[in-house]
Amino acid sequence: YLGSHGFCLELALRPGEQHSASETDFNLQRIVPMAQRLSAAGPKAPILVRLDSGFDSARLMRELHACNQAGSPRVDWLIKWNPRSTDVHALAATLQAQATTKWDTPRSGKRVTSWEQAVTLEGVEQPVRRVFRLTERTIDKRGQQLIEPQLTLEGWTTSLAPHLDGAAIIALYADHGTHEQFHAEFKTDLDLTRLPSGKFDTNYLVCQLAALAMDILRLMGQRGLLGPDAPVRHAAKRRRIKTVMQELIYRAGRLIAHGRRCILGLGANDRAAKAFTRLHSELLAPAT
């Protein structure tokens with residue numbers, strides 16, 4: 001999904017037993033250049049690839065680094081670190097013994113510390129660092145005191161410039177939840193929670209067509225439901241796919257044949273009639 005509006009660049013349907021990072025490098029070879037071409041043709045903004053801990057792989061980072069070619073928009077990455085077999089209690093004891101460790105206490109019974117560490121990756125020349133955050137809880141969020149402290153270790157590997165501190169890196173990844181909303185819209189709003197066929201290739205084709213439909217509906221929502229003539233709703237940067245279908249697709253109307261012409265009659269009191277008419281006129285206008 002590209003940008004903050006959630007345009008779908010590609011979907012990879014895989015068997016359930018296949019790991020999420022398997023064959024992802026082949027997807028990146030297609031997706032990242034596509035995003036670079038779109039960025040070069042539009043806002044000319046740098047690209048940040050944000051992935052969860054299932055994609056914490058040096059091989060994928062080398063693949064992303066290889067996309068930084070001369071004349072193309074810069075590609076950085078922000079990947080959630082997988083702690084794997086890290087001894088969290090031993091690490092917490094080491095930090096506790098160090099006088100330089102700075103702890104923040106957002107509430108009673110909870111303290112947090114963060115730090116950075118340089119990472120060396122074979123085949124990657126640009127600087128890479130890892131931001132860590134250790135959270136210690138002696139009282140849970142309900143006020144219950146814990147017999148033993150609860151430790152949570154998190155990390156994020158990134159190639160972003162050093163002027164973005166650890167707090168900014170963590171905040172950038174926190175917006176990954178919006179990505180999950182995009183995928184939820186794809187499954188629920190397009191009614192693809194369960195795929196229709198028992199054949200893998202058929203379901204793959206359905207997903208590709210659904211991705212195209214999602215992008216078309218997203219464009220319709222951005223062009224038709226955010227203007228001054230749009231139905232009165234709360235302020236937002238985008239509209240859900242379900243909202244776009246309710247306002248611009250599922251419409252009560254009547255097809256009238258009169259004077260050798262076919263006229264689509266819409267309700268005079270329809271709150272989305274102006275937005276629908278404007279968007280329809282824009283789609284009929286010849287491209288310039």
# chains A, B, ... in the order shown; residues from 1 in each chain; ligands from 1

$ residues_around --residues "range 168-176 of chain A" --least-positions-apart "3" --cutoff "9 Å" --atoms "only C-alpha atoms" --output "VMD selection string"
chain A and resid 50 to 52 78 to 80 131 133 155 to 156 158 160 164 to 165 179 to 180

$ residues_around --residues "Thr101 in chain A" --least-positions-apart "6" --cutoff "12 Å" --atoms "only C-alpha atoms" --output "list in words"
Leu91, Ala92, Ala93, Thr94, Leu95, Arg111, Val112, Thr113, Ser114, Trp115, Glu116, Arg133 and Leu134 of chain A

$ select_by_dssp --residues "range 119-276 of chain A" --states "alpha helix (DSSP H)" --output "VMD selection string"
chain A and resid 166 to 174 176 to 184 200 to 224 241 to 244 273 to 276

$ write_last_selection --atoms "N, CA and C atoms" --output "short mmCIF file (atom, residue, chain, number, x, y, z; two decimals), in the first residue's frame"
data_model
loop_
_atom_site.label_atom_id
_atom_site.label_comp_id
_atom_site.auth_asym_id
_atom_site.auth_seq_id
_atom_site.Cartn_x
_atom_site.Cartn_y
_atom_site.Cartn_z
N GLY A 166 15.47 8.64 17.95
CA GLY A 166 14.78 7.39 18.23
C GLY A 166 13.28 7.58 18.39
N ALA A 167 12.86 8.66 19.05
CA ALA A 167 11.43 8.91 19.23
C ALA A 167 10.72 9.10 17.89
N ALA A 168 11.38 9.79 16.95
CA ALA A 168 10.78 9.99 15.63
C ALA A 168 10.69 8.67 14.86
N ILE A 169 11.70 7.81 15.00
CA ILE A 169 11.67 6.51 14.33
C ILE A 169 10.53 5.67 14.86
N ILE A 170 10.37 5.65 16.18
CA ILE A 170 9.29 4.86 16.78
C ILE A 170 7.93 5.40 16.36
N ALA A 171 7.79 6.72 16.29
CA ALA A 171 6.52 7.32 15.87
C ALA A 171 6.21 7.00 14.42
N LEU A 172 7.23 6.97 13.56
CA LEU A 172 7.01 6.61 12.16
C LEU A 172 6.49 5.19 12.03
N TYR A 173 7.05 4.29 12.84
CA TYR A 173 6.57 2.90 12.75
C TYR A 173 5.19 2.74 13.37
N ALA A 174 4.86 3.56 14.36
CA ALA A 174 3.55 3.45 15.00
C ALA A 174 2.42 3.66 14.00
N HIS A 176 2.21 2.33 11.32
CA HIS A 176 2.02 1.07 10.59
C HIS A 176 0.60 0.54 10.80
N GLY A 177 -0.06 0.97 11.89
CA GLY A 177 -1.44 0.54 12.12
C GLY A 177 -2.37 1.00 11.01
N THR A 178 -2.06 2.14 10.37
CA THR A 178 -2.87 2.59 9.24
C THR A 178 -2.80 1.59 8.10
N HIS A 179 -1.63 0.99 7.89
CA HIS A 179 -1.46 -0.03 6.87
C HIS A 179 -2.41 -1.20 7.14
N GLU A 180 -2.54 -1.58 8.41
CA GLU A 180 -3.46 -2.66 8.76
C GLU A 180 -4.90 -2.27 8.44
N GLN A 181 -5.24 -0.98 8.58
CA GLN A 181 -6.58 -0.54 8.22
C GLN A 181 -6.83 -0.69 6.73
N PHE A 182 -5.81 -0.40 5.92
CA PHE A 182 -5.96 -0.58 4.47
C PHE A 182 -6.29 -2.03 4.15
N HIS A 183 -5.58 -2.95 4.79
CA HIS A 183 -5.81 -4.37 4.49
C HIS A 183 -7.17 -4.82 5.03
N ALA A 184 -7.59 -4.24 6.14
CA ALA A 184 -8.92 -4.57 6.66
C ALA A 184 -10.00 -4.11 5.68
N PHE A 200 -6.29 -22.21 -6.23
CA PHE A 200 -5.38 -21.12 -5.86
C PHE A 200 -5.27 -20.09 -6.98
N ASP A 201 -5.13 -20.51 -8.22
CA ASP A 201 -4.96 -19.57 -9.33
C ASP A 201 -6.19 -18.68 -9.50
N THR A 202 -7.38 -19.24 -9.31
CA THR A 202 -8.60 -18.44 -9.41
C THR A 202 -8.65 -17.37 -8.34
N ASN A 203 -8.29 -17.75 -7.11
CA ASN A 203 -8.28 -16.78 -6.02
C ASN A 203 -7.23 -15.70 -6.25
N TYR A 204 -6.10 -16.07 -6.85
CA TYR A 204 -5.07 -15.09 -7.16
C TYR A 204 -5.60 -14.05 -8.15
N LEU A 205 -6.32 -14.52 -9.18
CA LEU A 205 -6.90 -13.59 -10.15
C LEU A 205 -7.94 -12.69 -9.49
N VAL A 206 -8.75 -13.25 -8.59
CA VAL A 206 -9.74 -12.44 -7.88
C VAL A 206 -9.05 -11.34 -7.08
N CYS A 207 -7.95 -11.66 -6.43
CA CYS A 207 -7.23 -10.66 -5.64
C CYS A 207 -6.66 -9.55 -6.52
N GLN A 208 -6.15 -9.92 -7.69
CA GLN A 208 -5.61 -8.90 -8.60
C GLN A 208 -6.71 -7.96 -9.09
N LEU A 209 -7.86 -8.51 -9.43
CA LEU A 209 -8.98 -7.68 -9.87
C LEU A 209 -9.50 -6.82 -8.72
N ALA A 210 -9.51 -7.38 -7.51
CA ALA A 210 -9.96 -6.62 -6.34
C ALA A 210 -9.01 -5.45 -6.05
N ALA A 211 -7.70 -5.67 -6.25
CA ALA A 211 -6.74 -4.58 -6.05
C ALA A 211 -7.01 -3.44 -7.03
N LEU A 212 -7.32 -3.78 -8.28
CA LEU A 212 -7.65 -2.75 -9.28
C LEU A 212 -8.92 -2.01 -8.87
N ALA A 213 -9.94 -2.76 -8.43
CA ALA A 213 -11.19 -2.13 -8.00
C ALA A 213 -10.96 -1.24 -6.80
N MET A 214 -10.10 -1.68 -5.88
CA MET A 214 -9.82 -0.87 -4.69
C MET A 214 -9.18 0.46 -5.06
N ASP A 215 -8.22 0.44 -5.99
CA ASP A 215 -7.57 1.68 -6.39
C ASP A 215 -8.54 2.63 -7.10
N ILE A 216 -9.43 2.06 -7.92
CA ILE A 216 -10.43 2.90 -8.60
C ILE A 216 -11.37 3.54 -7.58
N LEU A 217 -11.83 2.75 -6.61
CA LEU A 217 -12.71 3.29 -5.58
C LEU A 217 -11.98 4.32 -4.71
N ARG A 218 -10.70 4.07 -4.45
CA ARG A 218 -9.93 5.03 -3.66
C ARG A 218 -9.81 6.37 -4.40
N LEU A 219 -9.55 6.31 -5.71
CA LEU A 219 -9.48 7.53 -6.51
C LEU A 219 -10.81 8.27 -6.52
N MET A 220 -11.90 7.51 -6.65
CA MET A 220 -13.23 8.13 -6.64
C MET A 220 -13.49 8.81 -5.30
N GLY A 221 -13.06 8.16 -4.21
CA GLY A 221 -13.28 8.76 -2.91
C GLY A 221 -12.46 10.02 -2.70
N GLN A 222 -11.21 10.00 -3.17
CA GLN A 222 -10.35 11.17 -3.00
C GLN A 222 -10.82 12.34 -3.86
N ARG A 223 -11.34 12.04 -5.04
CA ARG A 223 -11.79 13.11 -5.94
C ARG A 223 -13.21 13.55 -5.64
N GLY A 224 -14.05 12.65 -5.14
CA GLY A 224 -15.47 12.97 -5.02
C GLY A 224 -15.99 13.25 -3.64
N ILE A 241 -13.37 2.54 1.78
CA ILE A 241 -13.92 1.98 0.56
C ILE A 241 -15.43 1.77 0.70
N LYS A 242 -15.86 1.33 1.88
CA LYS A 242 -17.29 1.11 2.11
C LYS A 242 -18.06 2.40 1.98
N THR A 243 -17.51 3.52 2.48
CA THR A 243 -18.17 4.81 2.36
C THR A 243 -18.27 5.25 0.91
N VAL A 244 -17.22 5.02 0.14
CA VAL A 244 -17.25 5.39 -1.28
C VAL A 244 -18.33 4.61 -2.00
N ALA A 273 -25.60 13.86 -4.51
CA ALA A 273 -25.88 14.06 -5.93
C ALA A 273 -24.88 15.04 -6.58
N LYS A 274 -24.54 16.13 -5.89
CA LYS A 274 -23.61 17.10 -6.47
C LYS A 274 -22.23 16.49 -6.66
N ALA A 275 -21.77 15.76 -5.65
CA ALA A 275 -20.45 15.13 -5.76
C ALA A 275 -20.44 14.09 -6.87
N PHE A 276 -21.52 13.33 -6.98
CA PHE A 276 -21.61 12.31 -8.03
C PHE A 276 -21.59 12.96 -9.41
#

$ atom_distance --atom1 "CA of Pro73 in chain A" --atom2 "CA of Val49 in chain A"
12.5 Å

$ closest_atom_pairs --of "range 222-252 of chain A" --to "range 2-18 of chain A" --cutoff "9 Å" --atoms "only C-alpha atoms" --output "CSV"
residue,atom,partner,partner_atom,distance
A:Gln222,CA,A:His5,CA,8.5
A:Lys237,CA,A:His5,CA,7.5
A:Arg238,CA,A:His5,CA,6.1
A:Arg239,CA,A:His5,CA,8.7

$ residues_around --residues "Ala66 in chain A" --least-positions-apart "2" --cutoff "12 Å" --atoms "only C-alpha atoms" --output "ChimeraX atom specification"
/A:25,28-29,32-33,59-64,68-70,72,74-76,123-126

$ select_by_dssp --residues "range 12-73 of chain A" --states "strand (DSSP E)" --output "PDB file with C-alpha atoms, in the first residue's frame"
ATOM      1  CA  ILE A  47      10.218   6.502  -0.276  1.00  0.00           C
ATOM      2  CA  LEU A  48      10.126   4.745   3.072  1.00  0.00           C
ATOM      3  CA  VAL A  49       9.501   0.983   3.044  1.00  0.00           C
ATOM      4  CA  ARG A  50       7.893  -0.013   6.354  1.00  0.00           C
ATOM      5  CA  LEU A  51       7.736  -3.714   7.213  1.00  0.00           C
TER       6      LEU A  51
END
